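Student: Just one file: input_3.txt, with compact mmCIF, C-alpha atoms.
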```txt
# COMPACT_ATOMS: atom_id res chain seq x y z
CA MET A 1 10.33 15.43 -31.92
CA ILE A 2 7.86 14.90 -29.07
CA PRO A 3 7.74 11.21 -28.05
CA LYS A 4 4.46 9.31 -27.80
CA PHE A 5 3.42 6.64 -25.32
CA TYR A 6 0.54 4.20 -25.02
CA THR A 7 -2.32 6.03 -23.33
CA GLN A 8 -3.29 3.04 -21.21
CA ASN A 9 0.24 2.75 -19.82
CA ILE A 10 0.32 6.44 -18.91
CA LEU A 11 -3.09 6.22 -17.23
CA GLU A 12 -1.99 3.22 -15.16
CA LEU A 13 1.19 5.05 -14.14
CA ALA A 14 -0.95 8.05 -13.17
CA CYS A 15 -3.02 5.80 -10.90
CA ALA A 16 0.17 4.40 -9.35
CA ALA A 17 1.53 7.92 -8.75
CA GLN A 18 -1.77 8.93 -7.12
CA ARG A 19 -1.66 5.87 -4.87
CA ILE A 20 1.95 6.51 -3.83
CA ASN A 21 1.53 10.23 -3.15
CA GLY A 22 -1.92 9.78 -1.65
CA ASP A 23 -3.07 12.82 -3.62
CA TYR A 24 -2.37 14.79 -6.78
CA LEU A 25 0.71 16.95 -6.32
CA LYS A 26 1.19 19.59 -9.00
CA THR A 27 4.59 20.58 -7.59
CA ASN A 28 7.17 18.95 -5.35
CA GLU A 29 6.45 18.96 -1.64
CA SER A 30 9.03 18.92 1.15
CA VAL A 31 8.18 16.62 4.05
CA PHE A 32 9.25 17.48 7.62
CA ASP A 33 9.00 15.63 10.92
CA LYS A 34 7.10 16.95 13.94
CA ASP A 35 10.16 18.95 15.02
CA GLY A 36 10.45 20.70 11.67
CA LYS A 37 13.43 18.66 10.47
CA PHE A 38 13.53 18.07 6.70
CA LEU A 39 13.00 14.39 5.81
CA PHE A 40 12.62 14.06 2.05
CA VAL A 41 11.10 15.53 -1.11
CA LYS A 42 7.75 14.20 -2.27
CA HIS A 43 7.87 14.55 -6.06
CA ASP A 44 4.83 15.65 -8.03
CA ASN A 45 2.76 13.04 -9.87
CA LYS A 46 3.81 14.15 -13.34
CA THR A 47 7.49 13.84 -12.41
CA LEU A 48 6.94 10.32 -11.05
CA ILE A 49 5.40 9.33 -14.38
CA ARG A 50 8.10 11.01 -16.46
CA ASN A 51 10.78 9.36 -14.33
CA ALA A 52 9.17 5.93 -14.87
CA LEU A 53 9.25 6.58 -18.63
CA GLY A 54 12.89 7.59 -18.56
CA LEU A 55 12.13 11.15 -19.65
CA VAL A 56 13.82 12.64 -16.58
CA THR A 57 16.40 11.50 -14.07
CA LEU A 58 16.20 13.50 -10.89
CA GLY A 59 17.88 13.41 -7.52
CA ASN A 60 21.45 12.91 -6.44
CA ASP A 61 23.32 10.60 -4.10
CA GLU A 62 21.27 11.88 -1.18
CA PRO A 63 18.41 9.35 -0.66
CA GLU A 64 15.99 12.05 0.49
CA PHE A 65 16.12 13.67 -2.97
CA LYS A 66 15.93 10.56 -5.13
CA VAL A 67 12.90 9.78 -7.30
CA HIS A 68 12.12 6.11 -6.81
CA PRO A 69 10.57 4.15 -9.70
CA ILE A 70 6.86 3.49 -9.41
CA THR A 71 5.34 0.07 -10.01
CA VAL A 72 1.87 -0.45 -11.46
CA LEU A 73 -0.26 -2.81 -9.37
CA GLU A 74 -3.47 -4.59 -10.27
CA GLU A 75 -5.46 -2.04 -8.25
CA ASP A 76 -4.01 0.71 -10.45
CA ARG A 77 -5.19 -1.11 -13.59
CA VAL A 78 -8.66 -1.47 -12.08
CA THR A 79 -8.77 2.25 -11.22
CA ALA A 80 -7.59 3.13 -14.73
CA GLU A 81 -10.51 1.21 -16.22
CA GLU A 82 -12.96 2.92 -13.83
CA ILE A 83 -11.58 6.31 -14.93
CA ARG A 84 -12.10 5.44 -18.59
CA LYS A 85 -15.71 4.43 -17.89
CA TYR A 86 -16.32 7.60 -15.89
CA PHE A 87 -15.05 9.95 -18.58
CA ARG A 88 -16.99 8.08 -21.27
CA ARG A 89 -20.15 9.04 -19.38
CA LEU A 90 -19.04 12.68 -19.52
CA MET A 91 -18.48 12.51 -23.26
CA PHE A 92 -21.77 14.24 -24.05
CA SER A 93 -20.66 17.39 -22.22
CA ALA A 94 -17.35 17.29 -24.07
CA ILE A 95 -19.09 16.97 -27.43
CA LYS A 96 -21.30 19.95 -26.58
CA GLY A 97 -18.12 21.94 -26.04
CA GLU A 98 -19.00 23.16 -22.57
CA ASN A 99 -15.75 22.16 -20.88
CA GLU A 100 -12.32 22.54 -22.48
CA PHE A 101 -10.69 20.17 -20.00
CA GLN A 102 -13.23 17.44 -20.76
CA ILE A 103 -12.72 17.98 -24.49
CA GLU A 104 -8.96 17.52 -24.11
CA VAL A 105 -9.33 14.47 -21.86
CA ASN A 106 -11.92 12.91 -24.15
CA THR A 107 -9.54 13.33 -27.10
CA ILE A 108 -6.62 11.81 -25.19
CA LEU A 109 -8.54 8.80 -23.87
CA ASN A 110 -9.90 8.00 -27.33
CA GLU A 111 -6.42 7.74 -28.84
CA ASP A 112 -4.13 4.73 -28.46
CA GLN A 113 -1.13 6.98 -27.87
CA VAL A 114 -0.56 10.28 -26.10
CA SER A 115 2.16 12.86 -26.69
CA GLY A 116 4.74 13.40 -23.97
CA ASN A 117 3.62 17.02 -23.61
CA LYS A 118 0.10 15.86 -22.66
CA ILE A 119 1.18 13.68 -19.72
CA GLY A 120 0.12 16.42 -17.29
CA TYR A 121 -3.52 16.00 -18.34
CA VAL A 122 -3.40 12.27 -17.62
CA ALA A 123 -1.49 12.71 -14.36
CA CYS A 124 -4.38 14.57 -12.73
CA LEU A 125 -7.18 12.25 -13.90
CA PRO A 126 -7.16 9.89 -10.87
CA SER A 127 -7.53 12.91 -8.58
CA VAL A 128 -10.35 14.39 -10.69
CA TYR A 129 -12.13 11.04 -10.77
CA LEU A 130 -11.86 10.44 -7.01
CA ARG A 131 -12.92 14.02 -6.21
CA ASP A 132 -15.96 13.87 -8.49
CA ARG A 133 -16.99 10.42 -7.24
CA THR A 134 -16.71 11.56 -3.61
CA ARG A 135 -18.65 14.76 -4.33
CA SER A 136 -21.42 12.84 -6.11
CA SER A 137 -21.74 10.41 -3.20
CA PHE A 138 -21.75 13.29 -0.72
CA GLU A 139 -24.53 15.11 -2.59
CA LYS A 140 -26.68 11.98 -2.70
CA ARG A 141 -26.27 11.28 1.02
CA SER A 142 -26.94 14.93 1.93
CA LYS A 143 -30.38 14.85 0.33
CA ASP A 144 -31.65 12.48 3.04
CA LEU A 145 -30.23 14.44 5.98
CA ASP A 146 -32.30 16.57 8.34
CA ASP A 147 -31.88 20.32 8.44
CA GLY A 148 -30.90 21.90 11.72
CA TYR A 149 -27.95 21.66 14.11
CA ILE A 150 -26.87 19.04 16.61
CA ALA A 151 -26.37 21.51 19.49
CA ASP A 152 -26.14 25.20 20.35
CA LYS A 153 -22.95 27.19 19.78
CA ASP A 154 -20.21 26.73 22.39
CA THR A 155 -21.76 23.43 23.52
CA TRP A 156 -19.44 20.48 24.15
CA ILE A 157 -20.53 17.11 22.71
CA HIS A 158 -19.26 13.73 23.91
CA ASN A 159 -19.25 10.12 22.67
CA LYS A 160 -21.27 10.69 19.51
CA ASP A 161 -21.56 8.03 16.81
CA CYS A 162 -20.85 9.55 13.42
CA GLU A 163 -20.23 8.58 9.81
CA ILE A 164 -17.40 10.23 7.88
CA LEU A 165 -18.68 11.17 4.43
CA GLN A 166 -15.57 12.79 3.02
CA CYS A 167 -12.17 14.10 4.09
CA ILE A 168 -10.65 16.59 1.67
CA ARG A 169 -7.28 18.29 1.84
CA SER A 170 -7.71 22.05 2.26
CA LYS A 171 -6.32 24.30 -0.46
CA ASN A 172 -5.66 27.10 2.04
CA PHE A 173 -4.49 25.31 5.19
CA GLU A 174 -2.24 22.40 6.15
CA ALA A 175 -5.28 20.38 7.16
CA PHE A 176 -8.20 18.29 5.93
CA ASN A 177 -11.83 19.36 5.96
CA VAL A 178 -14.14 16.61 7.22
CA ASP A 179 -17.86 16.29 6.49
CA ALA A 180 -19.75 13.76 8.61
CA ILE A 181 -23.19 12.79 9.92
CA ILE A 182 -24.33 12.91 13.55
CA ASN A 183 -27.99 12.24 14.42
CA ASN A 184 -28.79 12.43 10.69
CA LYS A 185 -27.48 16.01 10.54
CA LEU A 186 -24.42 17.35 8.78
CA VAL A 187 -21.34 18.34 10.78
CA SER A 188 -17.86 19.41 9.71
CA TRP A 189 -14.44 20.24 11.16
CA PHE A 190 -10.75 20.57 10.35
CA THR A 191 -8.20 17.89 11.19
CA LYS A 192 -4.45 17.56 10.67
CA PHE A 193 -4.82 13.88 9.84
CA GLU A 194 -6.67 12.25 6.98
CA LEU A 195 -9.70 10.21 8.09
CA LYS A 196 -11.27 7.27 6.28
CA GLN A 197 -14.85 7.25 5.07
CA GLY A 198 -17.09 5.22 7.34
CA PRO A 199 -18.10 4.91 11.00
CA ALA A 200 -16.31 6.72 13.80
CA ILE A 201 -16.90 8.02 17.31
CA ILE A 202 -16.42 11.64 18.29
CA ILE A 203 -15.04 11.35 21.80
CA LYS A 204 -15.45 15.06 22.30
CA GLY A 205 -15.83 18.28 20.36
CA LYS A 206 -17.14 21.80 20.71
CA VAL A 207 -19.74 23.49 18.52
CA LYS A 208 -17.92 26.40 16.94
CA ASP A 209 -20.57 27.75 14.56
CA HIS A 210 -23.80 27.17 12.68
CA SER A 211 -23.47 27.44 8.91
CA HIS A 212 -24.50 25.86 5.60
CA ASN A 213 -22.57 23.59 3.28
CA TRP A 214 -21.39 25.53 0.21
CA LEU A 215 -22.34 22.71 -2.18
CA THR A 216 -25.59 21.24 -0.85
CA LYS A 217 -26.77 24.26 1.21
CA LYS A 218 -27.62 21.89 4.06
CA SER A 219 -27.41 23.20 7.61
CA THR A 220 -23.97 22.35 8.99
CA THR A 221 -22.73 22.26 12.56
CA ARG A 222 -19.13 23.39 12.53
CA LEU A 223 -17.03 21.75 15.25
CA ASN A 224 -13.75 22.56 16.92
CA TYR A 225 -11.34 20.71 19.28
CA VAL A 226 -12.51 17.37 17.88
CA LYS A 227 -11.08 14.17 19.31
CA ILE A 228 -12.12 11.15 17.28
CA ALA A 229 -11.73 7.37 17.35
CA GLN A 230 -11.93 5.36 14.16
```
How would this structure read if it were set down as structure tokens?
Tutor:
Amino acid sequence: MIPKFYTQNILELACAAQRINGDYLKTNESVFDKDGKFLFVKHDNKTLIRNALGLVTLGNDEPEFKVHPITVLEEDRVTAEEIRKYFRRLMFSAIKGENEFQIEVNTILNEDQVSGNKIGYVACLPSVYLRDRTRSSFEKRSKDLDDGYIADKDTWIHNKDCEILQCIRSKNFEAFNVDAIINNKLVSWFTKFELKQGPAIIIKGKVKDHSHNWLTKKSTTRLNYVKIAQ
């Protein structure tokens, strides 16, 4: 018999797992130091939730393999409530039957309890919410930006004030893709380290290419060799 759990509890645990991992991990991820030495296993979000519920017990006596219990904080409860409000606003699309994922999520969030085999749906909700909120904010800010590029190709730029709009982990590379504003124009680049939204200074960088953002179609100056202070 498939066990059931209170939906609110699972959602709060999902927010805690997202906070701890810093992202939604669908599968386990091995973490290495700068010299390539194995450090520990970062367990996927669903496993962290299932471990907290006592559904699985993973790891052995080696500390780098252990799954440590997650604790729900007040910020996780706040995020859980924001997620509920967000998906309520999407309910119309779910009712129209345009999105199977939204239909499933809408059904889950409107029930007091959720089956253990549906935990995976809840585990990814904090990531979906944060991604959609960031994308919506990015689209709104992009509307007020100027078209054009900040400099010609192969030009070096120095000491430029910028605003980081979003920093998203790449699906294809071990890096983050950054979208930012310089002189009210859109710029982007790859970085190995996650950057925070907000003000920053590009100490130096080189214009690699002129392109357009895939989502907003705004002109985008693609940078390379970026050194940034934040």
Student: Tell me, in Å to one decimal, how far atom CA of Gly205 of chain A is from atom CA of Lys227 of chain A.
Tutor: 6.4 Å
Student: Tell me which of A:Thr191, A:Thr216, A:Asn183, A:Gln113 sits closest to Lys143 of chain A, counting only C-alpha atoms.
Tutor: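 Using only C-alpha atoms, Lys143 of chain A sits closest to A:Thr216.
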Student: So that I can see what lies close to segment 33-45 of chain A, please list as a PyMOL selection string the residues with an atom at most 9 Å from it, counting only C-alpha atoms and leaving out residues fewer than 4 positions away in the same chain.
Tutor: chain A and resi 14+17-18+20-21+23-29+49-50+63-67+120+123-124
Student: Could you state the separation of atom CA of Phe32 of chain A and atom CA of Arg169 of chain A in Å, given to one decimal place?
Tutor: 17.5 Å
Student: How would you write as a list in words the residues that get within 10 Å of (-14.0, 24.1, 11.1) in the file's frame, counting only C-alpha atoms?
Tutor: Phe176, Asn177, Val178, Asp179, Val187, Ser188, Trp189, Phe190, Thr191, Val207, Lys208, Asp209, Thr221, Arg222, Leu223, Asn224, Tyr225 and Val226 of chain A
Student: For the selection you just gave me, I'd like the residues written to a file as a tab-separated table (two decimals), in the frame of the given file, keeping C-alpha atoms.
Tutor:
```tsv
chain	number	residue	atom	x	y	z
A	176	PHE	CA	-8.20	18.29	5.93
A	177	ASN	CA	-11.83	19.36	5.96
A	178	VAL	CA	-14.14	16.61	7.22
A	179	ASP	CA	-17.86	16.29	6.49
A	187	VAL	CA	-21.34	18.34	10.78
A	188	SER	CA	-17.86	19.41	9.71
A	189	TRP	CA	-14.44	20.24	11.16
A	190	PHE	CA	-10.75	20.57	10.35
A	191	THR	CA	-8.20	17.89	11.19
A	207	VAL	CA	-19.74	23.49	18.52
A	208	LYS	CA	-17.92	26.40	16.94
A	209	ASP	CA	-20.57	27.75	14.56
A	221	THR	CA	-22.73	22.26	12.56
A	222	ARG	CA	-19.13	23.39	12.53
A	223	LEU	CA	-17.03	21.75	15.25
A	224	ASN	CA	-13.75	22.56	16.92
A	225	TYR	CA	-11.34	20.71	19.28
A	226	VAL	CA	-12.51	17.37	17.88
```
Student: Nearest residue to Ile164 of chain A out of A:Thr71, A:Ser219, A:Asn213, A:Gln197, using all atoms listed in the file?
Tutor: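 Of A:Thr71, A:Ser219, A:Asn213, A:Gln197, the one nearest Ile164 of chain A, counting all atoms listed in the file, is A:Gln197.
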Student: Report the distance between atom CA of Cys162 of chain A and atom CA of Ile202 of chain A in Å, rounded to one decimal place.
Tutor: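 Here the two named atoms are 6.9 Å from each other.
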Student: Atoms are missing here; could segment 99-117 of chain A be completed with N, CA and C atoms and written as a CSV table (one decimal), in the coordinates of the input?
Tutor:
```csv
chain,number,residue,atom,x,y,z
A,99,ASN,N,-16.9,22.3,-21.8
A,99,ASN,CA,-15.8,22.2,-20.9
A,99,ASN,C,-14.5,21.8,-21.6
A,100,GLU,N,-13.5,22.8,-21.7
A,100,GLU,CA,-12.3,22.5,-22.5
A,100,GLU,C,-11.5,21.4,-21.9
A,101,PHE,N,-11.4,21.3,-20.6
A,101,PHE,CA,-10.7,20.2,-20.0
A,101,PHE,C,-11.3,18.8,-20.4
A,102,GLN,N,-12.6,18.7,-20.4
A,102,GLN,CA,-13.2,17.4,-20.8
A,102,GLN,C,-13.0,17.1,-22.2
A,103,ILE,N,-13.0,18.2,-23.1
A,103,ILE,CA,-12.7,18.0,-24.5
A,103,ILE,C,-11.3,17.4,-24.7
A,104,GLU,N,-10.3,18.0,-24.0
A,104,GLU,CA,-9.0,17.5,-24.1
A,104,GLU,C,-8.8,16.1,-23.6
A,105,VAL,N,-9.4,15.8,-22.4
A,105,VAL,CA,-9.3,14.5,-21.9
A,105,VAL,C,-10.0,13.4,-22.8
A,106,ASN,N,-11.2,13.8,-23.3
A,106,ASN,CA,-11.9,12.9,-24.2
A,106,ASN,C,-11.1,12.6,-25.4
A,107,THR,N,-10.4,13.6,-25.9
A,107,THR,CA,-9.5,13.3,-27.1
A,107,THR,C,-8.4,12.4,-26.8
A,108,ILE,N,-7.8,12.6,-25.6
A,108,ILE,CA,-6.6,11.8,-25.2
A,108,ILE,C,-7.0,10.4,-25.0
A,109,LEU,N,-8.1,10.2,-24.2
A,109,LEU,CA,-8.5,8.8,-23.9
A,109,LEU,C,-9.1,8.0,-25.1
A,110,ASN,N,-9.4,8.7,-26.1
A,110,ASN,CA,-9.9,8.0,-27.3
A,110,ASN,C,-8.8,7.7,-28.3
A,111,GLU,N,-7.6,8.0,-28.0
A,111,GLU,CA,-6.4,7.7,-28.8
A,111,GLU,C,-5.6,6.7,-28.2
A,112,ASP,N,-5.0,5.8,-29.0
A,112,ASP,CA,-4.1,4.7,-28.5
A,112,ASP,C,-2.9,5.3,-27.8
A,113,GLN,N,-2.4,6.4,-28.4
A,113,GLN,CA,-1.1,7.0,-27.9
A,113,GLN,C,-1.3,8.4,-27.5
A,114,VAL,N,-0.5,8.9,-26.6
A,114,VAL,CA,-0.6,10.3,-26.1
A,114,VAL,C,0.8,10.9,-26.2
A,115,SER,N,0.9,12.2,-26.6
A,115,SER,CA,2.2,12.9,-26.7
A,115,SER,C,2.7,13.1,-25.3
A,116,GLY,N,4.1,13.2,-25.2
A,116,GLY,CA,4.7,13.4,-24.0
A,116,GLY,C,4.4,14.7,-23.3
A,117,ASN,N,4.0,15.7,-24.2
A,117,ASN,CA,3.6,17.0,-23.6
A,117,ASN,C,2.2,17.1,-23.1
```
